[in-house]
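The structure file query07.txt is reproduced below (compact mmCIF, C-alpha atoms).
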# COMPACT_ATOMS: atom_id res chain seq x y z
CA MET A 755 121.35 74.49 117.18
CA GLU A 756 119.65 71.09 116.87
CA LEU A 757 116.39 72.64 118.03
CA LEU A 758 116.63 75.28 115.29
CA GLU A 759 117.33 72.61 112.66
CA TRP A 760 114.37 70.58 113.92
CA LEU A 761 112.15 73.67 113.76
CA ALA A 762 113.25 74.41 110.18
CA ALA A 763 112.33 70.83 109.22
CA THR A 764 108.79 70.93 110.63
CA THR A 765 105.84 70.66 108.27
CA LEU A 766 104.89 74.25 109.01
CA ALA A 767 108.31 75.62 108.07
CA VAL A 768 108.57 73.45 104.96
CA GLU A 769 105.11 74.50 103.74
CA LEU A 770 105.86 78.17 104.36
CA ARG A 771 109.08 77.87 102.33
CA ARG A 772 107.29 75.99 99.52
CA SER A 773 104.30 78.28 99.18
CA ALA A 774 104.92 81.96 98.52
CA THR A 775 101.17 82.50 98.88
CA LEU A 776 101.00 80.88 102.31
CA TYR A 777 104.08 82.81 103.42
CA MET A 778 102.51 86.05 102.14
CA PHE A 779 99.30 85.44 104.10
CA VAL A 780 101.17 84.62 107.31
CA ASN A 781 103.39 87.67 106.82
CA ALA A 782 100.32 89.86 106.20
CA ALA A 783 98.66 88.43 109.31
CA HIS A 784 101.81 89.27 111.28
CA ILE A 785 101.73 92.87 110.05
CA LEU A 786 98.01 93.17 110.85
CA ALA A 787 98.61 91.74 114.33
CA ILE A 788 101.40 94.25 114.96
CA GLY A 789 99.05 96.97 113.74
CA LEU A 790 96.43 95.86 116.24
CA LEU A 791 98.99 95.69 119.05
CA VAL A 792 100.58 99.07 118.39
CA GLY A 793 97.31 100.66 117.31
CA ALA A 794 95.83 99.80 120.69
CA ILE A 795 98.82 100.22 122.98
CA LEU A 796 99.98 103.63 121.75
CA PRO A 797 96.67 105.46 122.32
CA LEU A 798 96.39 103.78 125.72
CA ASP A 799 99.97 104.67 126.65
CA LEU A 800 99.53 108.24 125.47
CA ARG A 801 96.34 108.62 127.52
CA LEU A 802 97.94 107.11 130.61
CA ALA A 803 101.02 109.30 130.14
CA GLY A 804 98.80 112.38 130.37
CA LEU A 805 97.64 113.26 126.87
CA PHE A 806 93.97 113.38 125.86
CA ALA A 807 92.88 114.05 129.44
CA LYS A 808 89.21 114.36 128.45
CA VAL A 809 89.10 110.71 127.36
CA PRO A 810 87.97 108.60 130.33
CA VAL A 811 90.69 106.10 131.25
CA GLU A 812 88.25 103.76 132.98
CA VAL A 813 86.32 103.42 129.69
CA ILE A 814 89.13 102.99 127.15
CA ALA A 815 91.83 101.26 129.19
CA PRO A 816 90.19 97.83 129.53
CA PHE A 817 89.19 97.74 125.85
CA LEU A 818 92.53 98.95 124.48
CA SER A 819 94.48 96.69 126.84
CA ARG A 820 92.53 93.62 125.69
CA SER A 821 92.88 94.66 122.04
CA ALA A 822 96.64 95.02 122.48
CA GLY A 823 96.73 91.60 124.14
CA ILE A 824 94.94 90.00 121.19
CA GLY A 825 97.31 91.75 118.79
CA LEU A 826 100.30 90.56 120.80
CA ALA A 827 99.08 86.95 120.88
CA LEU A 828 98.51 86.95 117.12
CA ALA A 829 101.85 88.66 116.47
CA LEU A 830 103.67 86.07 118.57
CA LEU A 831 101.89 83.20 116.81
CA THR A 832 102.50 84.50 113.30
CA GLY A 833 106.00 85.64 114.23
CA PHE A 834 106.86 82.13 115.39
CA CYS A 835 105.60 80.77 112.07
CA LEU A 836 107.80 83.22 110.16
CA PHE A 837 110.77 82.47 112.43
CA SER A 838 110.43 78.75 111.65
CA VAL A 839 111.25 79.38 107.99
CA ARG A 840 114.87 80.41 108.72
CA PRO A 841 115.43 79.97 112.46
CA ALA A 842 119.23 79.72 112.39
CA GLU A 843 119.53 82.94 110.36
CA TYR A 844 117.12 84.83 112.61
CA ALA A 845 118.79 83.54 115.78
CA ALA A 846 122.06 85.07 114.53
CA ASN A 847 120.48 88.38 113.49
CA THR A 848 121.30 91.25 115.87
CA ALA A 849 118.13 93.15 115.04
CA PHE A 850 115.98 90.07 115.64
CA LEU A 851 117.63 89.51 119.01
CA ALA A 852 117.08 93.18 119.88
CA LYS A 853 113.43 92.82 118.86
CA LEU A 854 113.01 89.79 121.14
CA GLY A 855 114.68 91.62 124.01
CA LEU A 856 112.40 94.62 123.54
CA ILE A 857 109.31 92.40 123.40
CA ALA A 858 110.42 90.69 126.61
CA PHE A 859 110.98 94.09 128.24
CA GLY A 860 107.57 95.27 127.01
CA LEU A 861 105.89 92.16 128.43
CA LEU A 862 107.66 92.62 131.76
CA ASN A 863 106.40 96.21 131.86
CA VAL A 864 102.85 95.03 131.09
CA LEU A 865 103.00 92.44 133.87
CA ILE A 866 104.28 94.98 136.38
CA VAL A 867 101.64 97.54 135.38
CA HIS A 868 98.73 95.09 135.47
CA ALA A 869 99.82 93.67 138.82
CA GLY A 870 100.07 97.12 140.38
CA LYS A 871 97.58 99.17 142.32
CA GLY A 872 97.96 102.07 139.89
CA TRP A 873 96.38 100.09 137.04
CA ARG A 874 93.47 98.94 139.20
CA THR A 875 92.90 102.50 140.38
CA ALA A 876 93.03 103.84 136.81
CA ILE A 877 90.46 101.38 135.46
CA ALA A 878 88.23 101.63 138.51
CA ILE A 879 88.01 105.39 139.03
CA GLY A 880 90.09 106.97 136.26
CA ILE A 881 92.91 108.35 138.42
CA VAL A 882 96.34 107.84 136.85
CA ARG A 883 99.21 107.92 139.32
CA PRO A 884 102.71 109.17 138.39
CA ALA A 885 104.25 105.68 138.40
CA LEU A 886 101.65 104.51 135.89
CA ARG A 887 102.31 107.59 133.74
CA PHE A 888 106.00 106.70 133.68
CA SER A 889 105.31 103.05 132.84
CA ALA A 890 103.00 104.13 130.01
CA ALA A 891 105.61 106.45 128.49
CA LEU A 892 108.19 103.68 128.81
CA SER A 893 105.77 101.23 127.18
CA ALA A 894 105.26 103.51 124.18
CA LEU A 895 109.02 103.78 123.69
CA ILE A 896 109.55 100.03 124.07
CA TRP A 897 106.88 99.00 121.54
CA ILE A 898 107.95 101.62 119.00
CA ALA A 899 111.54 100.41 119.38
CA ALA A 900 110.38 96.80 118.91
CA VAL A 901 108.65 97.76 115.64
CA VAL A 902 111.80 99.56 114.46
CA ALA A 903 113.95 96.55 115.38
CA GLY A 904 111.49 94.31 113.52
CA ARG A 905 111.87 96.41 110.38
CA TRP A 906 115.64 96.39 110.87
CA VAL A 907 115.70 92.57 110.72
CA GLY A 908 115.24 92.56 106.95
CA PHE A 909 118.17 94.91 106.43
CA LEU A 910 120.81 92.81 108.19

Structure translated into structure tokens:
Amino acid sequence: MELLEWLAATTLAVELRRSATLYMFVNAAHILAIGLLVGAILPLDLRLAGLFAKVPVEVIAPFLSRSAGIGLALALLTGFCLFSVRPAEYAANTAFLAKLGLIAFGLLNVLIVHAGKGWRTAIAIGIVRPALRFSAALSALIWIAAVVAGRWVGFL
């Protein structure tokens, strides 16, 4: 609890609470970052899961994966800034905790996929193995659920 109080007292948190304009820009950046993340990961996941078979995996996968990574990094950064405004409230919010759990699960899935032979095969020669198809479908569900949980935060 002391860590959350310290975070709420940081210059960043204080300035975000003081300036509706600054808060609005950080919030907008968070939404744009989520758009980049989901806008990149869903087409990639859908292609890896078996849809859009004419689109070459070895061409789009590296680009979309990097784009999703940039979106994720920006979403985490801006999300941390927004969290700092009311950390104790967010830490007690069921939807926020679900969102964090889903993000952690999504990241674990990404790490497993990128460490596996199936990913390397897909980006090298375009062959998508069944395990990678499953992981991609799971990824799509996880990230959609994380977005839903994120929207749910404001309603609790």

Checklist line | For Ala774 in chain A, the nearest of the candidates A:Val839, A:Leu791, A:Ala878, A:Leu892, counting only C-alpha atoms | finding: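 Of A:Val839, A:Leu791, A:Ala878, A:Leu892, the one nearest Ala774 in chain A is A:Val839, counting only C-alpha atoms.
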
Notebook entry, point to check: For Pro884 in chain A, which residue out of A:Val902, A:Ile814, A:Leu802, A:Leu757 is the nearest one, using all atoms listed in the file?
Noted result: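 With all atoms listed in the file as the atom set, the closest residue is A:Leu802.
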
Next item on the list: Return the single residue from A:Val882, A:Leu800, A:Ile877, A:His868 that is closest to Phe817 in chain A, with distances computed using all atoms listed in the file.
Entry: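 Closest to Phe817 in chain A of all the choices is A:Ile877.
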
Note to self: Would you compute the distance between CA of Ala783 in chain A and CA of Ala890 in chain A? Give it in Å to one decimal.
What the structure shows: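 CA of Ala890 in chain A lies 26.3 Å from CA of Ala783 in chain A.
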
Check: Pick from A:Ile879, A:Leu796, A:Ile866, A:Ala763: nearest to Trp897 in chain A, with all atoms listed in the file counted?
Finding: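 That would be A:Leu796, the residue with the smallest distance to Trp897 in chain A.
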
Notebook entry, point to check: Nearest to Thr765 in chain A among A:Ile788, A:Cys835, A:Ala845, A:Met778, with distances taken over only C-alpha atoms: which residue is it?
Noted result: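 Closest to Thr765 in chain A of all the choices is A:Cys835.
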
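Each of A:Ala767, A:Ala787, A:Val811, A:Leu758 was compared to Gly880 in chain A using only C-alpha atoms, and A:Val811 turns out to be the nearest.
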